[in-house]
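Dropping run-v5.cif in here (mmCIF, C-alpha atoms):
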```cif
data_target
loop_
_atom_site.label_atom_id
_atom_site.label_comp_id
_atom_site.auth_asym_id
_atom_site.auth_seq_id
_atom_site.Cartn_x
_atom_site.Cartn_y
_atom_site.Cartn_z
CA MET A 870 60.46 10.49 -54.70
CA LEU A 871 57.00 9.69 -56.01
CA GLU A 872 54.36 11.16 -53.74
CA PHE A 873 51.09 9.25 -53.53
CA ASN A 874 48.21 11.72 -53.48
CA ASN A 875 45.77 10.00 -51.17
CA SER A 876 42.16 9.88 -52.37
CA THR A 877 38.79 8.83 -51.00
CA PRO A 878 38.87 5.01 -50.77
CA LEU A 879 36.82 3.06 -53.32
CA THR A 880 35.88 6.06 -55.47
CA LEU A 881 35.80 5.22 -59.17
CA GLY A 882 36.72 6.63 -62.55
CA VAL A 883 37.08 5.06 -65.98
CA GLU A 884 38.80 5.92 -69.25
CA LEU A 885 37.65 4.54 -72.60
CA GLU A 886 39.59 4.54 -75.85
CA LEU A 887 37.28 4.70 -78.88
CA MET A 888 37.64 4.08 -82.61
CA ILE A 889 36.99 6.87 -85.10
CA VAL A 890 35.74 5.38 -88.38
CA ASN A 891 34.50 6.68 -91.70
CA ARG A 892 30.91 5.87 -92.68
CA ARG A 893 31.76 4.53 -96.12
CA ASP A 894 33.58 1.26 -95.45
CA TYR A 895 33.98 1.80 -91.68
CA ASN A 896 37.77 1.73 -91.72
CA LEU A 897 39.67 3.89 -89.25
CA THR A 898 40.05 7.50 -90.31
CA ARG A 899 42.24 10.37 -89.13
CA GLY A 900 39.36 12.20 -87.54
CA SER A 901 40.53 13.06 -84.03
CA ASP A 902 41.53 16.68 -84.75
CA ASP A 903 38.30 17.56 -86.54
CA LEU A 904 36.21 15.82 -83.90
CA LEU A 905 37.99 17.50 -80.99
CA LEU A 906 37.73 20.89 -82.68
CA LEU A 907 33.97 20.55 -83.05
CA VAL A 908 33.50 19.15 -79.54
CA ASP A 909 35.54 21.95 -77.96
CA ARG A 910 33.37 24.61 -79.58
CA GLN A 911 30.78 23.60 -77.00
CA THR A 912 30.98 24.22 -73.28
CA HIS A 913 31.07 20.81 -71.62
CA GLY A 914 33.85 20.29 -69.02
CA TYR A 915 34.33 16.62 -69.92
CA ASP A 916 37.69 14.89 -70.32
CA ILE A 917 37.92 14.19 -74.06
CA LYS A 918 41.35 14.04 -75.68
CA PRO A 919 43.42 12.49 -78.48
CA GLU A 920 45.30 9.21 -78.22
CA ILE A 921 48.51 7.89 -79.78
CA THR A 922 47.20 7.61 -83.36
CA GLN A 923 44.69 9.78 -85.17
CA GLY A 924 42.00 7.09 -85.48
CA MET A 925 41.53 7.12 -81.71
CA ILE A 926 40.02 9.30 -79.04
CA GLU A 927 39.92 8.87 -75.26
CA ILE A 928 37.22 9.88 -72.83
CA GLY A 929 37.49 9.91 -69.06
CA THR A 930 34.93 10.31 -66.30
CA ALA A 931 35.05 12.41 -63.19
CA ILE A 932 35.36 10.79 -59.75
CA HIS A 933 32.29 8.79 -58.73
CA GLN A 934 31.10 7.02 -55.62
CA GLY A 935 29.44 4.29 -57.67
CA SER A 936 28.67 3.05 -61.14
CA ALA A 937 25.15 4.53 -61.45
CA SER A 938 26.33 8.16 -61.55
CA MET A 939 29.23 7.08 -63.75
CA LEU A 940 26.80 5.69 -66.31
CA GLN A 941 24.91 9.00 -66.39
CA GLU A 942 28.13 10.89 -67.13
CA LEU A 943 29.20 8.43 -69.83
CA GLN A 944 25.83 8.79 -71.51
CA ALA A 945 26.19 12.58 -71.49
CA ILE A 946 29.72 12.37 -72.95
CA ARG A 947 28.47 9.98 -75.59
CA GLN A 948 25.66 12.33 -76.63
CA LEU A 949 28.11 15.19 -77.04
CA LEU A 950 30.47 13.03 -79.12
CA VAL A 951 27.72 11.52 -81.25
CA ASN A 952 26.27 14.92 -82.10
CA SER A 953 29.68 16.14 -83.23
CA ALA A 954 30.67 12.95 -85.05
CA GLU A 955 27.47 12.84 -87.08
CA LYS A 956 28.02 16.42 -88.28
CA LEU A 957 31.39 15.24 -89.61
CA ASN A 958 29.96 12.01 -91.05
CA LEU A 959 32.15 10.02 -88.66
CA GLY A 960 31.35 6.93 -86.63
CA LEU A 961 32.55 6.01 -83.14
CA ALA A 962 32.88 2.48 -81.87
CA GLY A 963 33.95 0.41 -78.92
CA GLY A 964 35.88 -2.83 -79.24
CA GLY A 965 39.45 -3.74 -78.36
CA SER A 966 40.79 -3.71 -81.92
CA HIS A 967 39.58 -2.58 -85.32
CA PRO A 968 38.89 -5.75 -87.35
CA PHE A 969 40.63 -4.83 -90.61
CA GLN A 970 42.73 -1.66 -90.27
CA HIS A 971 46.43 -1.96 -91.09
CA TRP A 972 48.88 -0.53 -88.60
CA SER A 973 51.21 0.82 -91.32
CA LYS A 974 48.54 3.27 -92.45
CA GLN A 975 48.07 4.84 -89.01
CA GLN A 976 49.47 8.28 -88.17
CA ILE A 977 50.98 9.20 -84.81
CA TYR A 978 49.16 12.10 -83.16
CA PRO A 979 51.40 15.22 -83.11
CA LYS A 980 51.89 15.38 -79.36
CA ALA A 981 55.34 15.39 -77.76
CA ARG A 982 54.89 12.23 -75.70
CA TYR A 983 53.40 10.25 -78.59
CA GLN A 984 56.21 11.35 -80.89
CA LEU A 985 58.71 10.20 -78.26
CA VAL A 986 56.98 6.82 -77.96
CA SER A 987 57.10 6.47 -81.74
CA GLU A 988 60.82 7.27 -81.86
CA LEU A 989 61.56 4.82 -79.04
CA TYR A 990 59.35 1.90 -80.02
CA GLY A 991 59.28 2.20 -83.81
CA TYR A 992 56.48 0.29 -85.51
CA LEU A 993 55.10 -0.87 -82.15
CA ALA A 994 53.70 2.63 -81.62
CA LYS A 995 51.45 2.37 -84.68
CA GLN A 996 50.55 -1.21 -83.81
CA PHE A 997 49.36 0.21 -80.50
CA THR A 998 46.20 1.36 -82.30
CA VAL A 999 44.16 -0.82 -79.96
CA TYR A 1000 41.43 0.23 -77.58
CA GLY A 1001 41.13 -0.40 -73.86
CA GLN A 1002 39.19 0.53 -70.76
CA HIS A 1003 41.08 1.67 -67.69
CA ILE A 1004 39.47 1.56 -64.25
CA HIS A 1005 40.70 3.80 -61.41
CA ILE A 1006 39.98 2.90 -57.79
CA GLY A 1007 40.66 5.41 -55.01
CA CYS A 1008 43.11 4.40 -52.27
CA PRO A 1009 43.75 6.01 -48.87
CA ASP A 1010 47.56 5.75 -49.14
CA GLY A 1011 50.41 4.32 -51.16
CA ASP A 1012 50.76 1.16 -49.09
CA SER A 1013 47.10 0.34 -49.72
CA ALA A 1014 47.62 0.94 -53.44
CA ILE A 1015 50.48 -1.57 -53.53
CA ARG A 1016 48.43 -4.18 -51.67
CA LEU A 1017 45.41 -3.64 -53.89
CA SER A 1018 47.51 -3.89 -57.07
CA HIS A 1019 48.77 -7.30 -55.97
CA TYR A 1020 45.33 -8.41 -54.80
CA LEU A 1021 43.61 -7.62 -58.08
CA ALA A 1022 46.25 -9.53 -60.08
CA ARG A 1023 44.52 -12.77 -59.06
CA TYR A 1024 41.32 -11.61 -60.83
CA ILE A 1025 42.78 -10.32 -64.08
CA PRO A 1026 41.38 -13.30 -66.10
CA HIS A 1027 37.88 -12.33 -64.96
CA PHE A 1028 38.20 -8.80 -66.35
CA ILE A 1029 39.62 -10.17 -69.60
CA ALA A 1030 36.72 -12.58 -70.12
CA LEU A 1031 34.07 -10.01 -69.21
CA SER A 1032 35.44 -7.32 -71.53
CA ALA A 1033 36.85 -9.34 -74.47
CA SER A 1034 35.91 -7.59 -77.73
CA SER A 1035 38.82 -7.98 -80.15
CA PRO A 1036 38.55 -11.33 -81.98
CA PHE A 1037 39.58 -9.85 -85.35
CA TYR A 1038 42.86 -8.16 -86.18
CA GLN A 1039 44.37 -7.07 -89.51
CA GLY A 1040 41.48 -8.71 -91.37
CA MET A 1041 41.80 -12.12 -89.68
CA ASP A 1042 39.95 -14.04 -87.01
CA THR A 1043 42.69 -14.51 -84.44
CA LEU A 1044 40.85 -17.34 -82.62
CA PHE A 1045 41.44 -15.30 -79.46
CA GLN A 1046 38.68 -13.69 -77.43
CA THR A 1047 40.96 -10.68 -77.07
CA SER A 1048 43.81 -10.06 -79.50
CA ARG A 1049 44.44 -6.56 -78.17
CA LEU A 1050 46.70 -7.69 -75.35
CA THR A 1051 49.26 -9.19 -77.75
CA SER A 1052 50.01 -5.62 -78.86
CA VAL A 1053 50.47 -4.54 -75.25
CA ASN A 1054 52.71 -7.54 -74.53
CA ALA A 1055 55.24 -6.36 -77.11
CA PHE A 1056 56.34 -3.45 -74.91
CA PRO A 1057 59.31 -4.21 -72.65
CA LEU A 1058 57.67 -2.82 -69.50
CA SER A 1059 54.38 -4.70 -69.86
CA GLY A 1060 53.08 -7.53 -67.66
CA CYS A 1061 52.82 -7.17 -63.91
CA MET A 1062 54.28 -4.98 -61.20
CA PRO A 1063 57.33 -6.37 -59.36
CA GLY A 1064 56.85 -7.91 -55.92
CA VAL A 1065 57.30 -4.77 -53.85
CA GLU A 1066 55.42 -4.84 -50.55
CA ASN A 1067 54.83 -1.16 -49.73
CA TRP A 1068 55.11 2.34 -51.16
CA ASP A 1069 58.65 2.89 -49.91
CA GLN A 1070 59.82 -0.24 -51.72
CA PHE A 1071 58.00 0.88 -54.84
CA ASN A 1072 59.74 4.25 -54.65
CA ASP A 1073 63.11 2.50 -54.36
CA TYR A 1074 62.29 0.42 -57.43
CA PHE A 1075 61.16 3.46 -59.41
CA GLN A 1076 64.28 5.43 -58.49
CA ASP A 1077 66.51 2.52 -59.56
CA MET A 1078 64.72 2.32 -62.92
CA ALA A 1079 64.93 6.08 -63.39
CA ARG A 1080 68.63 6.19 -62.45
CA LEU A 1081 69.33 3.51 -65.05
CA GLY A 1082 67.55 5.61 -67.66
CA ILE A 1083 64.83 3.01 -68.26
CA VAL A 1084 61.85 5.13 -67.16
CA ALA A 1085 61.13 8.81 -66.75
CA SER A 1086 57.60 8.62 -65.31
CA MET A 1087 54.86 6.17 -64.35
CA LYS A 1088 53.56 6.41 -67.93
CA ASP A 1089 56.52 4.29 -69.03
CA PHE A 1090 55.08 1.24 -67.25
CA TYR A 1091 52.59 -0.66 -69.42
CA TRP A 1092 51.59 -3.04 -66.63
CA ASP A 1093 48.15 -4.64 -66.47
CA ILE A 1094 47.67 -2.97 -63.09
CA ARG A 1095 49.67 -0.04 -61.79
CA PRO A 1096 49.49 2.55 -59.03
CA LYS A 1097 48.61 6.02 -60.27
CA PRO A 1098 50.16 8.22 -57.56
CA GLU A 1099 49.13 11.59 -59.02
CA TYR A 1100 45.47 10.49 -58.86
CA GLY A 1101 45.75 8.49 -55.65
CA THR A 1102 44.39 5.40 -57.38
CA VAL A 1103 45.12 1.91 -58.60
CA GLU A 1104 44.58 1.67 -62.36
CA VAL A 1105 43.34 -1.59 -63.91
CA ARG A 1106 44.41 -1.52 -67.58
CA ILE A 1107 43.62 -5.04 -68.79
CA CYS A 1108 40.11 -4.58 -70.27
CA ASP A 1109 39.18 -4.22 -73.93
CA THR A 1110 36.86 -1.28 -74.55
CA PRO A 1111 33.38 -2.84 -74.46
CA LEU A 1112 30.95 -2.41 -77.34
CA ASP A 1113 28.25 -0.69 -75.27
CA ILE A 1114 28.06 2.06 -72.67
CA VAL A 1115 26.79 -0.05 -69.74
CA THR A 1116 29.47 -2.76 -69.55
CA PRO A 1117 32.25 -0.32 -68.53
CA THR A 1118 30.25 0.57 -65.42
CA LEU A 1119 29.71 -3.10 -64.55
CA LEU A 1120 33.44 -3.74 -64.81
CA ALA A 1121 34.10 -0.73 -62.59
CA ALA A 1122 31.58 -2.01 -60.04
CA TYR A 1123 33.31 -5.41 -60.01
CA ALA A 1124 36.67 -3.75 -59.35
CA GLN A 1125 35.09 -1.69 -56.57
CA MET A 1126 33.64 -4.78 -54.86
CA LEU A 1127 36.97 -6.60 -54.99
CA ALA A 1128 38.78 -3.52 -53.70
CA ARG A 1129 36.41 -3.17 -50.77
CA ARG A 1130 37.05 -6.78 -49.75
CA CYS A 1131 40.80 -6.25 -50.02
CA LEU A 1132 40.81 -3.11 -47.90
CA GLU A 1133 38.24 -4.35 -45.37
CA ASP A 1134 40.15 -7.61 -44.86
CA GLU A 1135 43.47 -5.73 -44.67
CA TRP A 1136 44.84 -8.28 -47.14
CA GLN A 1137 48.65 -8.51 -47.18
CA ASP A 1138 49.44 -11.90 -48.72
CA ILE A 1139 52.12 -10.61 -51.12
CA ARG A 1140 54.25 -13.58 -52.18
CA PRO A 1141 56.26 -14.23 -55.36
CA GLU A 1142 54.63 -17.64 -55.82
CA ARG A 1143 51.26 -15.94 -56.36
CA TYR A 1144 52.62 -14.87 -59.76
CA LEU A 1145 53.78 -18.32 -60.88
CA THR A 1146 50.53 -18.87 -62.79
CA TYR A 1147 49.88 -15.23 -63.74
CA SER A 1148 50.99 -15.34 -67.38
CA TYR A 1149 49.42 -18.74 -68.01
CA ASN A 1150 46.05 -17.76 -66.56
CA ARG A 1151 46.14 -14.47 -68.43
CA PHE A 1152 46.79 -16.28 -71.71
CA GLN A 1153 43.98 -18.76 -71.08
CA ALA A 1154 41.49 -15.92 -70.58
CA CYS A 1155 42.73 -14.08 -73.68
CA ARG A 1156 42.51 -17.17 -75.84
CA PHE A 1157 39.40 -18.91 -74.51
CA GLY A 1158 37.49 -16.34 -72.44
CA PHE A 1159 35.04 -17.93 -70.02
CA ASP A 1160 36.21 -21.40 -71.09
CA GLY A 1161 39.83 -20.71 -70.18
CA VAL A 1162 41.55 -22.84 -67.57
CA LEU A 1163 42.74 -21.18 -64.37
CA VAL A 1164 45.45 -22.77 -62.29
CA ASP A 1165 45.36 -22.10 -58.55
CA GLY A 1166 48.97 -22.48 -57.55
CA SER A 1167 48.28 -22.49 -53.79
CA ALA A 1168 45.65 -25.25 -53.97
CA ALA A 1169 47.36 -27.03 -56.91
CA GLN A 1170 44.07 -27.34 -58.76
CA GLN A 1171 42.43 -26.14 -61.96
CA THR A 1172 39.05 -24.62 -62.70
CA SER A 1173 37.44 -22.67 -65.55
CA VAL A 1174 37.35 -18.89 -65.74
CA GLN A 1175 33.55 -19.09 -65.69
CA ASP A 1176 33.37 -21.23 -62.54
CA ASP A 1177 35.99 -19.15 -60.76
CA LEU A 1178 34.22 -15.94 -61.67
CA LEU A 1179 30.84 -17.26 -60.50
CA ALA A 1180 32.36 -18.38 -57.20
CA THR A 1181 33.97 -14.97 -56.70
CA LEU A 1182 30.76 -13.10 -57.50
CA GLY A 1183 28.92 -15.30 -55.03
CA SER A 1184 31.39 -14.35 -52.30
CA LEU A 1185 30.96 -10.61 -52.86
CA GLN A 1186 27.28 -10.26 -51.94
CA ALA A 1187 27.93 -8.44 -48.66
CA HIS A 1188 30.32 -6.01 -50.34
CA ALA A 1189 27.83 -5.37 -53.14
CA ALA A 1190 25.16 -4.57 -50.55
CA ALA A 1191 27.46 -2.20 -48.68
CA LEU A 1192 28.31 -0.38 -51.92
CA GLY A 1193 24.75 -0.35 -53.24
CA CYS A 1194 25.62 -2.27 -56.38
CA GLU A 1195 23.61 -5.48 -56.02
CA ALA A 1196 22.04 -4.86 -59.45
CA GLU A 1197 25.50 -4.70 -61.02
CA LEU A 1198 26.49 -7.91 -59.24
CA ALA A 1199 23.36 -9.64 -60.56
CA ALA A 1200 24.05 -8.38 -64.09
CA LEU A 1201 27.62 -9.67 -63.96
CA ARG A 1202 26.43 -13.05 -62.74
CA GLU A 1203 23.84 -13.32 -65.52
CA ARG A 1204 26.42 -12.45 -68.18
CA THR A 1205 28.82 -15.03 -66.78
CA LEU A 1206 26.18 -17.77 -66.65
CA LYS A 1207 25.27 -17.05 -70.28
CA ARG A 1208 28.93 -16.67 -71.33
CA GLN A 1209 27.82 -13.33 -72.79
CA SER A 1210 30.77 -12.11 -74.82
CA ASP A 1211 31.26 -9.13 -77.13
CA SER A 1212 33.77 -11.20 -79.09
CA GLN A 1213 31.21 -13.90 -79.76
CA TRP A 1214 28.66 -11.28 -80.85
CA LEU A 1215 31.16 -9.82 -83.32
CA ARG A 1216 31.88 -13.28 -84.70
CA ASP A 1217 28.14 -13.91 -85.07
CA VAL A 1218 27.74 -10.67 -87.05
CA TYR A 1219 30.57 -11.70 -89.35
CA ARG A 1220 29.15 -15.20 -89.79
CA ASP A 1221 25.80 -13.77 -90.81
CA SER A 1222 27.10 -10.94 -93.02
CA GLY A 1223 30.45 -12.16 -94.32
CA SER A 1224 31.70 -8.57 -94.13
CA LEU A 1225 34.12 -7.02 -91.63
CA SER A 1226 32.88 -3.59 -92.72
CA GLU A 1227 29.41 -4.66 -91.61
CA VAL A 1228 30.90 -5.85 -88.32
CA VAL A 1229 32.30 -2.36 -87.64
CA ARG A 1230 29.08 -0.68 -88.78
CA ARG A 1231 27.15 -2.76 -86.28
CA GLN A 1232 29.57 -2.19 -83.43
CA SER A 1233 29.48 1.56 -84.17
CA ALA A 1234 25.67 1.51 -84.02
CA CYS A 1235 25.95 -0.36 -80.74
CA TRP A 1236 28.14 2.27 -79.07
CA MET A 1237 26.55 5.36 -80.60
CA HIS A 1238 22.87 4.41 -80.45
CA ASP A 1239 22.51 1.30 -78.27
CA GLN A 1240 21.54 -0.71 -81.37
CA ARG A 1241 22.92 -4.20 -80.97
CA ASP A 1242 20.33 -6.35 -82.83
#
```

Rendering of file as structure tokens:
Amino acid sequence: MLEFNNSTPLTLGVELELMIVNRRDYNLTRGSDDLLLLVDRQTHGYDIKPEITQGMIEIGTAIHQGSASMLQELQAIRQLLVNSAEKLNLGLAGGGSHPFQHWSKQQIYPKARYQLVSELYGYLAKQFTVYGQHIHIGCPDGDSAIRLSHYLARYIPHFIALSASSPFYQGMDTLFQTSRLTSVNAFPLSGCMPGVENWDQFNDYFQDMARLGIVASMKDFYWDIRPKPEYGTVEVRICDTPLDIVTPTLLAAYAQMLARRCLEDEWQDIRPERYLTYSYNRFQACRFGFDGVLVDGSAAQQTSVQDDLLATLGSLQAHAAALGCEAELAALRERTLKRQSDSQWLRDVYRDSGSLSEVVRRQSACWMHDQRD
């Protein structure tokens, strides 16, 4: 049986996967071991660890009541990482995918789970050198976590459009706003959680999958949203890692506002037909961002991601006030009105420079030193 470790409702945490690049041509480099060694020589207490390949590193925050304190912690983690990276002549960068690295040249990090993933999934493991943001939202119990997971599925296109930062992959412009999710889609247990209605049903599903030898733990599910019972959270896994340090906190604040509405309204409208349009809407946001078309299956009508997001933000004012994140709500609305996209900024840099190395240099400067222009 999976035990759900209840946590304080609506508390927040985020994880960010970051690129490690050399400062010659700004390709990925196998720098995680050297970087971690230097970081761990200092007393810090932050969650900084390797990821599946050696050109990656992951950072995670502590538990926060809101996004303001989360931003302060992220800035402190960044300063520690930047100081260490610069001593090693390494760069760090956000973004959902490295624009020109080749998956065949990546090396699996020597950790038991990552080696197991590599043996099971073959070349997909190295292709999984993509970079995402995960958002954790505290839940009072397992039943609430199941309801919230289903509730947030409706808003997945919003998170995709707001975080999209992977237009280039393997040296090509993919024409997508986020190409990262195509790598995630290749895994057999990706997509969305099945239509279980409570924690007991989820436990039954998990036990069936474990008995069949398909999964051994929750880590084997690569869903866009999944319960995280050991943390007592729901984990939103759909976002690209943004280019800057502020956007992750805005995305977390948006998830918190939506979660508050779900829990306050005691939402329970879990129906299979709610997922009829899930894959289509998800694709539209990945391909076109704010200009993607969303299909509302219940109302049998279509709207744009931008219009739907603006309408949703407008309906969350009371929840933003209760959570003390009206500034974050206003910032999200401004970005949506302007169609402010990391992917478009990266394309603009490439248009002006003609160099993908310059693109990565600029996105590294953006994450490390807040230098976007």

> How would you write, as a list in words, the residues chosen by the PyMOL selection byres ((chain A and resi 1116) around 10) on this structure?
Replying inline: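 Here the PyMOL selection byres ((chain A and resi 1116) around 10) matches Leu940, Leu1031, Ser1032, Thr1110, Pro1111, Leu1112, Asp1113, Ile1114, Val1115, Pro1117, Thr1118, Leu1119, Leu1120, Ala1121, Ala1122, Glu1197, Ala1200 and Leu1201 of chain A.
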
>> Just to confirm, what's the straight-line distance from atom CA of A:Lys1207 to atom CA of A:Ala1124 in Å (one decimal)?
In response: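 These two atoms are separated by 20.6 Å.
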
>> Here's the selection I'm unsure about, the PyMOL selection byres ((chain A and resi 908) around 9); applied to the file above, which residues does it give, as a ChimeraX atom specification?
In response: /A:903-907,909-913,917,949-950,952-954

First collect every listed atom of stretch 1139-1150 of chain A; then fit an axis-aligned box around them, widen it by 5 Å on each side, and give centre and edge lengths in Å to one decimal, as JSON.
```
{"center_x": 51.2, "center_y": -14.7, "center_z": -59.6, "size_x": 20.2, "size_y": 18.3, "size_z": 26.9}
```

> Restricting the calculation to all atoms listed in the file, which member of A:Gln996, A:Gln970, A:Gln1125, A:Gln1039 is positioned closest to A:Asn1054?
Replying inline: A:Gln996

> Contacts of A:Ala1014 at 7 Å or less, counting only C-alpha atoms, minus same-chain residues fewer than 3 places along, as an MDAnalysis selection string?
Replying inline: chainID A and resid 1008 1010:1011 1017:1018 1096 1102:1103

> Which is closer to A:Tyr1219 than all the others in A:Met1041, A:Val1084, A:Ile1139, A:Val1105, using all atoms listed in the file?
Replying inline: A:Met1041

>> Between atom CA of A:Glu955 and atom CA of A:Ser1226, what distance in Å does the model show, to one decimal?
In response: 18.2 Å

> Taking into account only C-alpha atoms, which residue in the set A:Asp1239, A:Glu886, A:Asp902, A:Asp1134 is nearest to A:Ile928?
Replying inline: A:Glu886

> Pick the closest to A:Gln1232 from A:Ser1034, A:Phe1159, A:Ser1173, A:Gly900: which is it, counting all atoms listed in the file?
Replying inline: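 Closest to A:Gln1232, using all atoms listed in the file: A:Ser1034.
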
> Where does the PyMOL selection byres ((chain A and resi 1131) around 12) land in this file, that is, which residues does it pick, as a ChimeraX atom specification?
Replying inline: /A:878-879,1008,1013-1023,1124-1130,1132-1138,1185,1188

Write the residues of the preceding selection, restricted to C-alpha atoms, as a PDB file, keeping the file's coordinate frame.
```pdb
ATOM      1  CA  PRO A 878      38.870   5.010 -50.770  1.00  0.00           C
ATOM      2  CA  LEU A 879      36.820   3.060 -53.320  1.00  0.00           C
ATOM      3  CA  CYS A1008      43.110   4.400 -52.270  1.00  0.00           C
ATOM      4  CA  SER A1013      47.100   0.340 -49.720  1.00  0.00           C
ATOM      5  CA  ALA A1014      47.620   0.940 -53.440  1.00  0.00           C
ATOM      6  CA  ILE A1015      50.480  -1.570 -53.530  1.00  0.00           C
ATOM      7  CA  ARG A1016      48.430  -4.180 -51.670  1.00  0.00           C
ATOM      8  CA  LEU A1017      45.410  -3.640 -53.890  1.00  0.00           C
ATOM      9  CA  SER A1018      47.510  -3.890 -57.070  1.00  0.00           C
ATOM     10  CA  HIS A1019      48.770  -7.300 -55.970  1.00  0.00           C
ATOM     11  CA  TYR A1020      45.330  -8.410 -54.800  1.00  0.00           C
ATOM     12  CA  LEU A1021      43.610  -7.620 -58.080  1.00  0.00           C
ATOM     13  CA  ALA A1022      46.250  -9.530 -60.080  1.00  0.00           C
ATOM     14  CA  ARG A1023      44.520 -12.770 -59.060  1.00  0.00           C
ATOM     15  CA  ALA A1124      36.670  -3.750 -59.350  1.00  0.00           C
ATOM     16  CA  GLN A1125      35.090  -1.690 -56.570  1.00  0.00           C
ATOM     17  CA  MET A1126      33.640  -4.780 -54.860  1.00  0.00           C
ATOM     18  CA  LEU A1127      36.970  -6.600 -54.990  1.00  0.00           C
ATOM     19  CA  ALA A1128      38.780  -3.520 -53.700  1.00  0.00           C
ATOM     20  CA  ARG A1129      36.410  -3.170 -50.770  1.00  0.00           C
ATOM     21  CA  ARG A1130      37.050  -6.780 -49.750  1.00  0.00           C
ATOM     22  CA  LEU A1132      40.810  -3.110 -47.900  1.00  0.00           C
ATOM     23  CA  GLU A1133      38.240  -4.350 -45.370  1.00  0.00           C
ATOM     24  CA  ASP A1134      40.150  -7.610 -44.860  1.00  0.00           C
ATOM     25  CA  GLU A1135      43.470  -5.730 -44.670  1.00  0.00           C
ATOM     26  CA  TRP A1136      44.840  -8.280 -47.140  1.00  0.00           C
ATOM     27  CA  GLN A1137      48.650  -8.510 -47.180  1.00  0.00           C
ATOM     28  CA  ASP A1138      49.440 -11.900 -48.720  1.00  0.00           C
ATOM     29  CA  LEU A1185      30.960 -10.610 -52.860  1.00  0.00           C
ATOM     30  CA  HIS A1188      30.320  -6.010 -50.340  1.00  0.00           C
TER      31      HIS A1188
END
```

>> Give me, as a list of chain:residue names, all polymer residues having an atom no more than 9 Å from A:Cys1108, counting all atoms listed in the file and skipping those fewer than 6 positions away in the same chain.
In response: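 Counting only the stated atoms, we get A:Gly965, A:Tyr1000, A:Gly1001, A:Gln1002, A:His1003, A:Ile1004, A:Ile1025, A:Phe1028, A:Ile1029, A:Ala1030, A:Leu1031, A:Ser1032, A:Ala1033, A:Leu1050, A:Asp1093, A:Leu1120.
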
Write the residues of the preceding selection, restricted to C-alpha atoms, as a compact mmCIF listing (two decimals), in the frame of the given file.
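As written to disk, part39.txt reads:
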```txt
# COMPACT_ATOMS: atom_id res chain seq x y z
CA GLY A 965 39.45 -3.74 -78.36
CA TYR A 1000 41.43 0.23 -77.58
CA GLY A 1001 41.13 -0.40 -73.86
CA GLN A 1002 39.19 0.53 -70.76
CA HIS A 1003 41.08 1.67 -67.69
CA ILE A 1004 39.47 1.56 -64.25
CA ILE A 1025 42.78 -10.32 -64.08
CA PHE A 1028 38.20 -8.80 -66.35
CA ILE A 1029 39.62 -10.17 -69.60
CA ALA A 1030 36.72 -12.58 -70.12
CA LEU A 1031 34.07 -10.01 -69.21
CA SER A 1032 35.44 -7.32 -71.53
CA ALA A 1033 36.85 -9.34 -74.47
CA LEU A 1050 46.70 -7.69 -75.35
CA ASP A 1093 48.15 -4.64 -66.47
CA LEU A 1120 33.44 -3.74 -64.81
```

>> Give me the residues near stretch 1202-1205 of chain A as number ranges by chain, where near means some atom within 10 Å (using all atoms listed in the file) and where sequence neighbours in that chain fewer than 2 positions away do not count.
In response: A: 1027, 1030-1031, 1159, 1174-1176, 1178-1183, 1196-1200, 1207-1210

> From the list A:Leu897, A:Ala1169, A:Cys1155, A:Leu961, which residue is nearest A:Pro1026 when using only C-alpha atoms?
Replying inline: A:Cys1155

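When all atoms listed in the file are used to measure the gap to A:Phe873, the shortest distance among A:Pro968, A:Gly935, A:Gly1060, A:Gly1007 belongs to A:Gly1007.
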
> How far is it from atom CA of A:Gln944 to atom CA of A:Gly963, in Å with one decimal?
Replying inline: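 Going from atom CA of A:Gln944 over to atom CA of A:Gly963, I get 13.8 Å.
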
>> Counting all atoms listed in the file, which residues sit no farther than 10 Å from the position (55.2, 9.8, -83.2) in the file's frame? I'd like them as a PyMOL selection string.
In response: chain A and resi 921-922+976-992+994-995

> Within 9 Å of A:Thr930, counting only C-alpha atoms, which residues qualify if same-chain residues fewer than 2 places away don't, as a ChimeraX atom specification?
Replying inline: /A:881-885,915-916,928,932-933,939,942-943,946

>> Neighbouring residues of stretch 1067-1075 of chain A were defined as those with any atom within 7 Å, considering all atoms listed in the file; residues of the same chain fewer than 3 positions away were excluded. Please report them as a list in words.
In response: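 Close residues of stretch 1067-1075 of chain A: Met870, Leu871, Gly1011, Asp1012, Ile1015, Met1078 and Ala1079 of chain A.
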